[in-house]
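K.L.:
Quick one: structure below, then a few questions.
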Amino acid sequence: MPSPDRTLYTTTARSSHGPDQVRIDGSGHKTLPVVAPPAPGSREADGWSPEDLYAAAVATCLHQALTVVGGELRADLTGSEVSVQVDLEHSGNLRYGLTARVSVDLPGVADGTRTTLLEEAMRVFPLSAHVRVASS
């Protein structure tokens with residue numbers, strides 16, 4: 001259980017009604033439409049799959065970590081971008097897994113600073129145990 005004196009932020013998401021939508025507590029009546037992953041070779045545009053939401057969470061969370069660490073290192077993050085590819089994998093009868101591959105583009109950061117920046121960002125990035133990062 002989290003310690004109240006150390007908790008910086010708490011949010012709760014609720015999936016209900018089928019599960020074709022998710023609501024974030026405290027967001028009023030706003031919901032996100034949720035769909036199953038599309039069939040191979042097609043792309044669903046009427047909602048977000050759980051894999052889409054996970055990719056968005058990893059991309060934004062890592063970019064925020066890079067911004068925090070970049071500020072400490074006085075690194076120029078102008079034009080920086082974090083791209084996340086999430087693969088849903090079938091690994092047996094009713095068994096699935098996710099793989100997240102992350103690409104980080106830091107065009108304004110010198111090579112020596114880039115390594116330190118990425119290492120420190122991955123150290124503070126809460127989802128780091130589940131991703132692999134490539135830098136360009």
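Just remember, in the structure tokens the first chain shown is A, the second B, etc., residues are 1-based per chain, and ligands are 1-based in the order shown.
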Could you pull out the residues in chain A that DSSP calls strand (DSSP E or B) from the backbone, as an mmCIF file with C-alpha atoms, in the first residue's frame?
P.N.:
```cif
data_model
loop_
_atom_site.group_PDB
_atom_site.id
_atom_site.type_symbol
_atom_site.label_atom_id
_atom_site.label_comp_id
_atom_site.auth_asym_id
_atom_site.auth_seq_id
_atom_site.Cartn_x
_atom_site.Cartn_y
_atom_site.Cartn_z
ATOM 1 C CA ALA A 13 -9.576 4.461 -14.010
ATOM 2 C CA ARG A 14 -12.781 2.471 -14.184
ATOM 3 C CA SER A 15 -13.697 0.164 -17.022
ATOM 4 C CA SER A 16 -17.396 -0.618 -17.139
ATOM 5 C CA GLN A 21 -15.409 2.655 -22.125
ATOM 6 C CA VAL A 22 -13.081 3.792 -19.392
ATOM 7 C CA ARG A 23 -13.629 6.719 -17.060
ATOM 8 C CA ILE A 24 -10.946 8.497 -15.058
ATOM 9 C CA THR A 31 -14.998 8.777 -20.909
ATOM 10 C CA LEU A 32 -12.602 7.235 -23.395
ATOM 11 C CA PRO A 33 -14.150 4.815 -25.896
ATOM 12 C CA VAL A 34 -12.301 1.500 -25.650
ATOM 13 C CA TRP A 48 -8.683 3.261 -28.168
ATOM 14 C CA GLU A 81 10.344 12.932 -29.325
ATOM 15 C CA VAL A 82 9.500 9.637 -27.675
ATOM 16 C CA SER A 83 7.890 7.022 -29.904
ATOM 17 C CA VAL A 84 6.477 3.778 -28.489
ATOM 18 C CA GLN A 85 5.541 0.647 -30.413
ATOM 19 C CA VAL A 86 3.501 -1.854 -28.431
ATOM 20 C CA ASP A 87 3.075 -5.413 -29.688
ATOM 21 C CA LEU A 88 0.321 -7.661 -28.368
ATOM 22 C CA GLU A 89 1.637 -11.193 -28.509
ATOM 23 C CA HIS A 90 -0.187 -14.505 -28.311
ATOM 24 C CA TYR A 96 -1.100 -12.810 -24.072
ATOM 25 C CA GLY A 97 1.793 -10.483 -23.440
ATOM 26 C CA LEU A 98 2.876 -6.952 -24.336
ATOM 27 C CA THR A 99 6.220 -5.773 -25.613
ATOM 28 C CA ALA A 100 6.971 -2.046 -25.694
ATOM 29 C CA ARG A 101 9.824 -0.774 -27.837
ATOM 30 C CA VAL A 102 10.711 2.852 -27.261
ATOM 31 C CA SER A 103 12.651 5.142 -29.560
ATOM 32 C CA VAL A 104 13.949 8.437 -28.185
ATOM 33 C CA ASP A 105 14.998 11.237 -30.520
ATOM 34 C CA VAL A 131 10.371 -1.143 -21.865
ATOM 35 C CA ARG A 132 13.478 -1.190 -24.056
ATOM 36 C CA VAL A 133 14.834 2.165 -25.266
ATOM 37 C CA ALA A 134 16.691 3.032 -28.457
ATOM 38 C CA SER A 135 18.179 6.516 -28.843
#
```
K.L.:
Show which residues sit within 7 Å of Val109 of chain A, as a ChimeraX atom specification. Count only C-alpha atoms, and ignore same-chain residues fewer than 2 positions away.
P.N.:
/A:75-77,106-107,111,113-114
K.L.:
Using DSSP on the backbone coordinates, identify the residues of chain A assigned to helix (DSSP H, G or I); present them as JSON, numbers by chain.
P.N.:
{"A": [50, 51, 52, 53, 54, 55, 56, 57, 58, 59, 60, 61, 62, 63, 64, 65, 66, 67, 68, 69, 70, 71, 72, 73, 111, 112, 113, 114, 115, 116, 117, 118, 119, 120, 121, 122, 123, 124, 128, 129, 130]}
K.L.:
Just how far from atom CA of Asp46 of chain A is atom CA of Thr12 of chain A, in Å to one decimal?
P.N.:
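Computing it gives 23.3 Å between the two atoms.
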K.L.:
So that I can see what lies close to Leu117 of chain A, please list as a ChimeraX atom specification the residues with an atom at most 10 Å from it, counting only C-alpha atoms and leaving out residues fewer than 3 positions away in the same chain.
P.N.:
/A:65-73,75,106,109,111-114,120-123
K.L.:
Distance atom CA of Asp25 of chain A-atom CA of Thr11 of chain A, one decimal place?
P.N.:
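Distance between the two atoms: 6.7 Å.
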K.L.:
With distances taken over only C-alpha atoms, which of A:Gly28, A:Gly47, A:Gly79, A:Pro126 is nearest to Cys61 of chain A?
P.N.:
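Distance minimum relative to Cys61 of chain A lands on A:Pro126.
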K.L.:
Restricting the calculation to only C-alpha atoms, which member of A:Arg74, A:Ala110, A:Pro50, A:Ser80 is positioned closest to Val35 of chain A?
P.N.:
A:Pro50
